[in-house]
>>> print(open('input.txt').read())   # compact mmCIF, C-alpha atoms
# COMPACT_ATOMS: atom_id res chain seq x y z
CA MET A 205 95.57 249.04 231.05
CA ASP A 206 92.00 250.14 231.58
CA VAL A 207 88.70 248.68 230.36
CA TYR A 208 85.18 249.99 230.98
CA GLN A 209 82.04 248.46 229.52
CA THR A 210 78.33 248.68 230.16
CA SER A 211 75.30 246.94 228.66
CA PRO A 212 74.61 246.34 225.83
CA ILE A 213 78.26 246.58 224.69
CA ARG A 214 80.83 244.01 225.77
CA VAL A 215 84.57 243.97 225.02
CA LEU A 216 86.26 240.60 224.55
CA PHE A 217 89.97 239.80 224.06
CA PRO A 218 90.32 236.44 222.28
CA ARG A 219 93.56 234.54 222.85
CA THR A 220 94.97 231.75 220.70
CA ALA A 221 97.27 229.12 222.23
CA GLY A 222 98.50 231.48 224.93
CA THR A 223 99.63 234.22 222.54
CA ARG A 224 99.42 237.84 223.61
CA VAL A 225 96.30 239.86 222.95
CA GLN A 226 96.31 241.27 219.42
CA GLU A 227 92.62 241.85 218.79
CA ALA A 228 89.72 243.32 220.76
CA VAL A 229 86.15 242.39 219.78
CA LEU A 230 83.11 244.54 220.51
CA VAL A 231 79.83 242.67 221.01
CA ASN A 232 76.39 244.30 220.98
CA THR A 233 74.33 241.94 223.14
CA SER A 234 71.06 243.67 222.18
CA GLY A 235 71.27 242.29 218.65
CA GLY A 236 70.99 245.63 216.89
CA ILE A 237 70.40 249.36 217.15
CA ALA A 238 66.95 251.00 217.42
CA GLY A 239 65.80 254.59 217.19
CA GLY A 240 66.83 256.57 220.27
CA ASP A 241 69.76 254.28 221.16
CA ARG A 242 73.06 255.97 222.02
CA LEU A 243 76.25 253.93 221.79
CA GLU A 244 79.78 255.19 222.37
CA SER A 245 83.07 253.37 221.90
CA SER A 246 86.38 254.94 222.86
CA VAL A 247 89.78 253.35 222.20
CA THR A 248 93.14 254.82 223.20
CA ALA A 249 96.36 253.14 222.09
CA MET A 250 99.08 254.23 224.51
CA ASN A 251 102.73 254.69 223.60
CA SER A 252 104.12 251.69 221.65
CA ALA A 253 100.83 249.74 221.94
CA SER A 254 99.61 247.63 219.02
CA ILE A 255 95.96 246.54 218.82
CA ALA A 256 93.22 245.86 216.29
CA VAL A 257 89.58 246.45 217.25
CA THR A 258 86.72 244.81 215.37
CA THR A 259 83.14 243.65 215.94
CA GLN A 260 81.66 240.20 216.43
CA ALA A 261 79.25 240.52 213.51
CA ALA A 262 77.59 243.01 211.20
CA GLU A 263 75.72 245.73 213.08
CA LYS A 264 72.05 246.23 212.25
CA VAL A 265 70.18 249.54 212.42
CA TYR A 266 66.43 248.92 212.61
CA ARG A 267 63.53 251.00 211.33
CA ALA A 268 62.78 254.01 213.52
CA ILE A 269 59.57 255.99 213.90
CA ASN A 270 61.10 259.43 214.41
CA GLU A 271 64.14 259.52 216.73
CA SER A 272 67.60 258.73 215.35
CA ALA A 273 70.10 256.33 216.86
CA HIS A 274 73.48 257.87 217.71
CA ILE A 275 76.78 255.97 217.34
CA THR A 276 79.98 257.67 218.46
CA THR A 277 83.48 256.28 218.02
CA ILE A 278 86.53 258.02 219.50
CA LEU A 279 89.98 256.75 218.50
CA ARG A 280 93.29 258.00 219.89
CA ALA A 281 96.76 256.84 218.84
CA CYS A 282 99.61 258.15 221.00
CA ASP A 283 103.31 258.28 220.12
CA ALA A 284 104.62 255.10 218.43
CA ALA A 285 101.23 253.40 218.88
CA LYS A 286 99.59 251.25 216.19
CA LEU A 287 95.80 251.19 216.18
CA ALA A 288 93.48 249.50 213.67
CA TRP A 289 89.72 250.12 213.83
CA LEU A 290 88.20 247.47 211.54
CA PRO A 291 84.55 246.77 212.40
CA GLN A 292 82.32 244.65 210.21
CA GLU A 293 79.61 246.29 208.14
CA THR A 294 76.65 248.29 209.41
CA ILE A 295 73.40 247.23 207.71
CA VAL A 296 70.82 250.00 207.53
CA PHE A 297 67.21 248.81 207.27
CA ASN A 298 64.59 250.71 205.29
CA ARG A 299 63.30 253.74 207.22
CA ALA A 300 66.18 253.55 209.69
CA ARG A 301 67.48 256.73 211.26
CA VAL A 302 71.11 256.85 212.40
CA CYS A 303 73.75 259.46 213.12
CA ARG A 304 77.27 258.04 213.28
CA ARG A 305 80.27 260.14 214.30
CA THR A 306 83.88 258.96 214.13
CA GLN A 307 86.42 261.20 215.87
CA ILE A 308 90.13 260.41 215.50
CA GLU A 309 93.14 261.91 217.27
CA VAL A 310 96.64 260.96 216.11
CA SER A 311 100.10 262.05 217.17
CA SER A 312 103.21 262.37 215.04
CA GLY A 313 104.94 258.98 215.10
CA SER A 314 101.72 256.99 215.56
CA GLU A 315 100.08 254.77 212.97
CA LEU A 316 96.33 254.30 212.49
CA LEU A 317 94.01 252.51 210.08
CA ALA A 318 90.27 253.17 210.40
CA LEU A 319 87.39 251.69 208.43
CA GLU A 320 83.64 252.22 208.42
CA TRP A 321 81.22 250.73 205.91
CA LEU A 322 77.50 250.95 205.26
CA VAL A 323 75.16 248.50 203.55
CA LEU A 324 71.80 249.88 202.45
CA GLY A 325 69.07 247.29 202.93
CA ARG A 326 68.95 243.54 203.51
CA ALA A 327 69.87 241.84 200.26
CA ALA A 328 68.41 238.46 201.33
CA HIS A 329 65.04 240.19 201.83
CA LYS A 330 65.40 242.11 198.54
CA GLU A 331 64.96 245.25 200.60
CA ASN A 332 65.49 248.68 199.04
CA VAL A 333 66.11 251.65 201.30
CA SER A 334 63.57 254.17 200.02
CA SER A 335 63.42 256.46 203.06
CA GLY A 336 65.14 257.18 206.34
CA ASN A 337 67.94 259.38 207.59
CA ILE A 338 71.66 258.57 207.58
CA THR A 339 74.43 260.90 208.71
CA ASP A 340 77.99 259.54 208.78
CA SER A 341 80.63 262.04 209.91
CA TRP A 342 84.41 261.90 210.29
CA ARG A 343 86.75 264.29 212.08
CA VAL A 344 90.54 263.72 212.21
CA VAL A 345 92.82 265.77 214.45
CA LYS A 346 96.62 265.55 214.21
CA ASP A 347 98.69 266.98 217.08
CA GLY A 348 95.68 269.05 218.16
CA ARG A 349 94.89 270.43 214.68
CA LEU A 350 91.91 269.45 212.53
CA VAL A 351 93.26 268.02 209.25
CA TRP A 352 90.20 266.34 207.71
CA ALA A 353 86.44 266.48 208.07
CA ASP A 354 83.80 264.72 206.00
CA THR A 355 80.08 263.93 206.18
CA PHE A 356 77.85 261.59 204.16
CA ARG A 357 74.16 262.43 204.53
CA ALA A 358 71.06 260.86 203.00
CA THR A 359 67.52 261.90 203.93
CA ASP A 360 63.97 261.06 202.82
CA ASP A 361 64.14 263.39 199.83
CA VAL A 362 67.54 262.04 198.70
CA PHE A 363 66.98 258.25 198.72
CA PRO A 364 64.81 258.19 195.55
CA HIS A 365 67.76 259.74 193.66
CA LEU A 366 70.67 257.65 195.01
CA SER A 367 70.75 255.50 191.86
CA ARG A 368 71.90 258.48 189.79
CA LYS A 369 75.47 258.26 188.48
CA ALA A 370 76.45 261.43 190.32
CA LEU A 371 75.42 259.81 193.61
CA LEU A 372 75.70 256.05 194.36
CA SER A 373 74.89 254.78 190.84
CA ASP A 374 72.93 251.75 192.12
CA CYS A 375 75.63 250.84 194.66
CA THR A 376 74.22 249.61 197.97
CA ALA A 377 77.49 249.16 199.89
CA VAL A 378 79.99 251.96 200.54
CA ALA A 379 83.08 252.27 202.71
CA THR A 380 85.70 254.78 203.81
CA LEU A 381 89.20 253.71 204.85
CA LEU A 382 91.70 256.11 206.46
CA TYR A 383 95.41 255.57 207.02
CA PHE A 384 97.86 257.73 208.93
CA GLY A 385 101.48 256.71 209.28
CA PRO A 386 104.95 256.75 207.73
CA ASP A 387 105.61 256.94 203.98
CA PRO A 388 102.06 258.00 203.03
CA GLU A 389 102.92 258.49 199.35
CA GLU A 390 104.28 254.94 199.05
CA ARG A 391 101.12 253.53 200.62
CA LEU A 392 98.91 255.73 198.45
CA GLN A 393 100.60 254.50 195.27
CA PHE A 394 100.34 250.90 196.45
CA VAL A 395 96.58 251.21 196.97
CA ARG A 396 96.11 252.96 193.63
CA ASN A 397 97.97 250.17 191.85
CA LEU A 398 95.86 247.59 193.64
CA ALA A 399 92.51 249.29 192.97
CA PRO A 400 91.89 247.90 189.44
CA SER A 401 92.09 244.33 190.76
CA LEU A 402 89.50 244.86 193.51
CA GLU A 403 85.94 243.58 193.20
CA CYS A 404 84.37 247.03 193.46
CA GLN A 405 84.81 250.66 192.52
CA SER A 406 87.49 252.43 194.54
CA ALA A 407 89.67 255.52 194.57
CA ALA A 408 92.39 256.85 196.89
CA THR A 409 93.76 260.29 197.62
CA SER A 410 95.93 262.11 200.15
CA VAL A 411 94.54 264.91 202.34
CA GLY A 412 96.33 266.60 205.22
CA GLY A 413 98.82 263.76 205.62
CA LEU A 414 96.04 261.15 205.55
CA MET A 415 95.35 258.53 202.92
CA VAL A 416 91.62 258.42 202.21
CA VAL A 417 90.20 255.48 200.25
CA ARG A 418 86.58 255.23 199.08
CA PHE A 419 84.81 252.04 198.02
CA ALA A 420 81.42 251.41 196.42
CA ALA A 421 79.83 248.12 195.32
CA LYS A 422 76.44 247.03 194.08
CA VAL A 423 76.34 244.16 196.61
CA SER A 424 77.93 243.90 200.05
CA CYS A 425 79.73 240.60 199.37
CA ASP A 426 81.81 242.30 196.65
CA LEU A 427 82.74 245.08 199.05
CA ARG A 428 83.73 242.59 201.76
CA SER A 429 85.89 240.69 199.26
CA ALA A 430 87.59 243.90 198.15
CA LEU A 431 88.30 245.01 201.73
CA ARG A 432 89.71 241.60 202.65
CA ASN A 433 91.96 241.67 199.60
CA LEU A 434 93.25 245.16 200.33
CA LEU A 435 93.80 244.56 204.06
CA GLN A 436 95.60 241.30 203.45
CA GLN A 437 98.03 242.80 200.95
CA PHE A 438 98.41 246.09 202.80
CA GLY A 439 99.31 244.34 206.05
CA ASN A 440 101.65 241.81 204.46
CA GLN A 441 103.63 244.26 202.33
CA LEU A 442 103.51 247.71 203.88
CA ALA A 443 102.30 247.94 207.47
CA PRO A 444 103.05 244.98 209.77
CA GLY A 445 101.24 244.87 213.08
CA PRO A 446 97.46 245.10 213.55
CA PHE A 447 96.81 246.25 209.97
CA ARG A 448 95.39 243.02 208.57
CA VAL A 449 92.13 241.16 208.13
CA PRO A 450 90.68 240.62 211.64
CA LYS A 451 90.32 236.97 212.61
CA MET A 452 86.70 237.64 213.61
CA TRP A 453 85.85 238.37 209.98
CA SER A 454 86.34 234.67 209.23
CA CYS A 455 84.24 233.31 212.10
>>> encode(input="input.txt", output="structure tokens")
Amino acid sequence: MDVYQTSPIRVLFPRTAGTRVQEAVLVNTSGGIAGGDRLESSVTAMNSASIAVTTQAAEKVYRAINESAHITTILRACDAAKLAWLPQETIVFNRARVCRRTQIEVSSGSELLALEWLVLGRAAHKENVSSGNITDSWRVVKDGRLVWADTFRATDDVFPHLSRKALLSDCTAVATLLYFGPDPEERLQFVRNLAPSLECQSAATSVGGLMVVRFAAKVSCDLRSALRNLLQQFGNQLAPGPFRVPKMWSC
């Protein structure tokens, strides 16, 4: 109904053989995110709408001298709407500084799936993230009431200890997946049954009517494989509509 975009972000709506739009793709034409950048994406799924939103490629957060980059995502799912936020990974370079905030508003009767994942360092360069500043926050509001809040934070004094078992235990790729919709207990049990077959560590729980799933892998390719596997089976068996592997993930 309404689209607004300004450089460096572009919004594309790929069509296949004249079919209706099912997927929106965000493109960062600058090629990455530097210290001091401020990017905001806002998606509202109106009543009975069905749309998946993804990104063209992995996002890259470059080394910063002192000022953090700020990434804000605002998602709203109105009555009977189906909204899937399924971007590709965000790769954080050594000494990068980024503050990412994901704010979600859902209404009773809507359905939403939201994913965010972080990769620490460039594996092809054998890069280890030894310093920097990462803050990754979530806030979920249902019918005007806050039902879940969470923040992951790693700073200069924390990175040397991330390999400890109580922290990331040598994992360099982590993800959080949220689901809100009908039959949450059935979906929770489905994901728990699927977890042992995934290519990474994972666990799922229910909080405030939300299903929250965490993933951690030693390498990003294992995390990507696990997410593809879960999304494919989740969409096919439990939640038809936009809740599937985005086509852009295969390009």
>>> closest_residue(input="input.txt", among="A:Ala399, A:Ala228, A:Ala262, A:Leu434", to="Trp321 of chain A", atoms="only C-alpha atoms")
A:Ala262
>>> residues_around(input="input.txt", residues="Met415 of chain A", least_positions_apart="4", cutoff="6 Å", atoms="all atoms listed in the file", output="PDB file with C-alpha atoms, keeping the file's coordinate frame")
ATOM      1  CA  LEU A 382      91.700 256.110 206.460  1.00  0.00           C
ATOM      2  CA  TYR A 383      95.410 255.570 207.020  1.00  0.00           C
ATOM      3  CA  THR A 409      93.760 260.290 197.620  1.00  0.00           C
ATOM      4  CA  SER A 410      95.930 262.110 200.150  1.00  0.00           C
TER       5      SER A 410
END
>>> residues_around(input="input.txt", residues="Arg343 of chain A", least_positions_apart="2", cutoff="7 Å", atoms="all atoms listed in the file", output="ChimeraX atom specification")
/A:306-308,341,345,352-354
>>> residues_near_point(input="input.txt", point="(88.2, 241.1, 212.9)", cutoff="8 Å", atoms="all atoms listed in the file", output="PyMOL selection string")
chain A and resi 227+229+256-260+290-292+449-454
>>> residues_around(input="input.txt", residues="Ala318 of chain A", least_positions_apart="3", cutoff="6 Å", atoms="only C-alpha atoms", output="ChimeraX atom specification")
/A:288-289,381-382
>>> closest_residue(input="input.txt", among="A:Ala261, A:Val395, A:Val378, A:Cys282", to="Leu324 of chain A", atoms="all atoms listed in the file")
A:Val378
>>> closest_residue(input="input.txt", among="A:Thr277, A:Phe363, A:Arg357, A:Lys330", to="Arg299 of chain A", atoms="all atoms listed in the file")
A:Phe363
>>> residues_around(input="input.txt", residues="Ala284 of chain A", least_positions_apart="5", cutoff="7 Å", atoms="all atoms listed in the file", output="list of chain:residue names")
A:Asn251, A:Ser252, A:Gly313, A:Ser314
>>> residues_around(input="input.txt", residues="Thr233 of chain A", least_positions_apart="3", cutoff="12 Å", atoms="all atoms listed in the file", output="PyMOL selection string")
chain A and resi 209-215+230+236-237+259-261+263-264
>>> axis_aligned_box(input="input.txt", around="segment 364-379 of chain A", padding_each_side="6 Å", output="JSON")
{"center_x": 73.9, "center_y": 255.3, "center_z": 195.6, "size_x": 30.3, "size_y": 24.3, "size_z": 26.2}
>>> atom_distance(input="input.txt", atom1="atom CA of Ala407 of chain A", atom2="atom CA of Val310 of chain A")
23.3 Å
>>> closest_residue(input="input.txt", among="A:Ala300, A:Asp241, A:Ala408, A:Gly413", to="Val344 of chain A", atoms="all atoms listed in the file")
A:Gly413
>>> atom_distance(input="input.txt", atom1="atom CA of Arg267 of chain A", atom2="atom CA of Phe297 of chain A")
5.9 Å
>>> atom_distance(input="input.txt", atom1="atom CA of Glu331 of chain A", atom2="atom CA of Val265 of chain A")
13.6 Å
>>> residues_near_point(input="input.txt", point="(79.7, 250.2, 209.5)", cutoff="6 Å", atoms="only C-alpha atoms", output="list in words")
Glu293, Thr294, Glu320, Trp321 and Leu322 of chain A
>>> write_last_selection(input="input.txt", atoms="C-alpha atoms", output="PDB file, in the coordinates of the input")
ATOM      1  CA  GLU A 293      79.610 246.290 208.140  1.00  0.00           C
ATOM      2  CA  THR A 294      76.650 248.290 209.410  1.00  0.00           C
ATOM      3  CA  GLU A 320      83.640 252.220 208.420  1.00  0.00           C
ATOM      4  CA  TRP A 321      81.220 250.730 205.910  1.00  0.00           C
ATOM      5  CA  LEU A 322      77.500 250.950 205.260  1.00  0.00           C
TER       6      LEU A 322
END
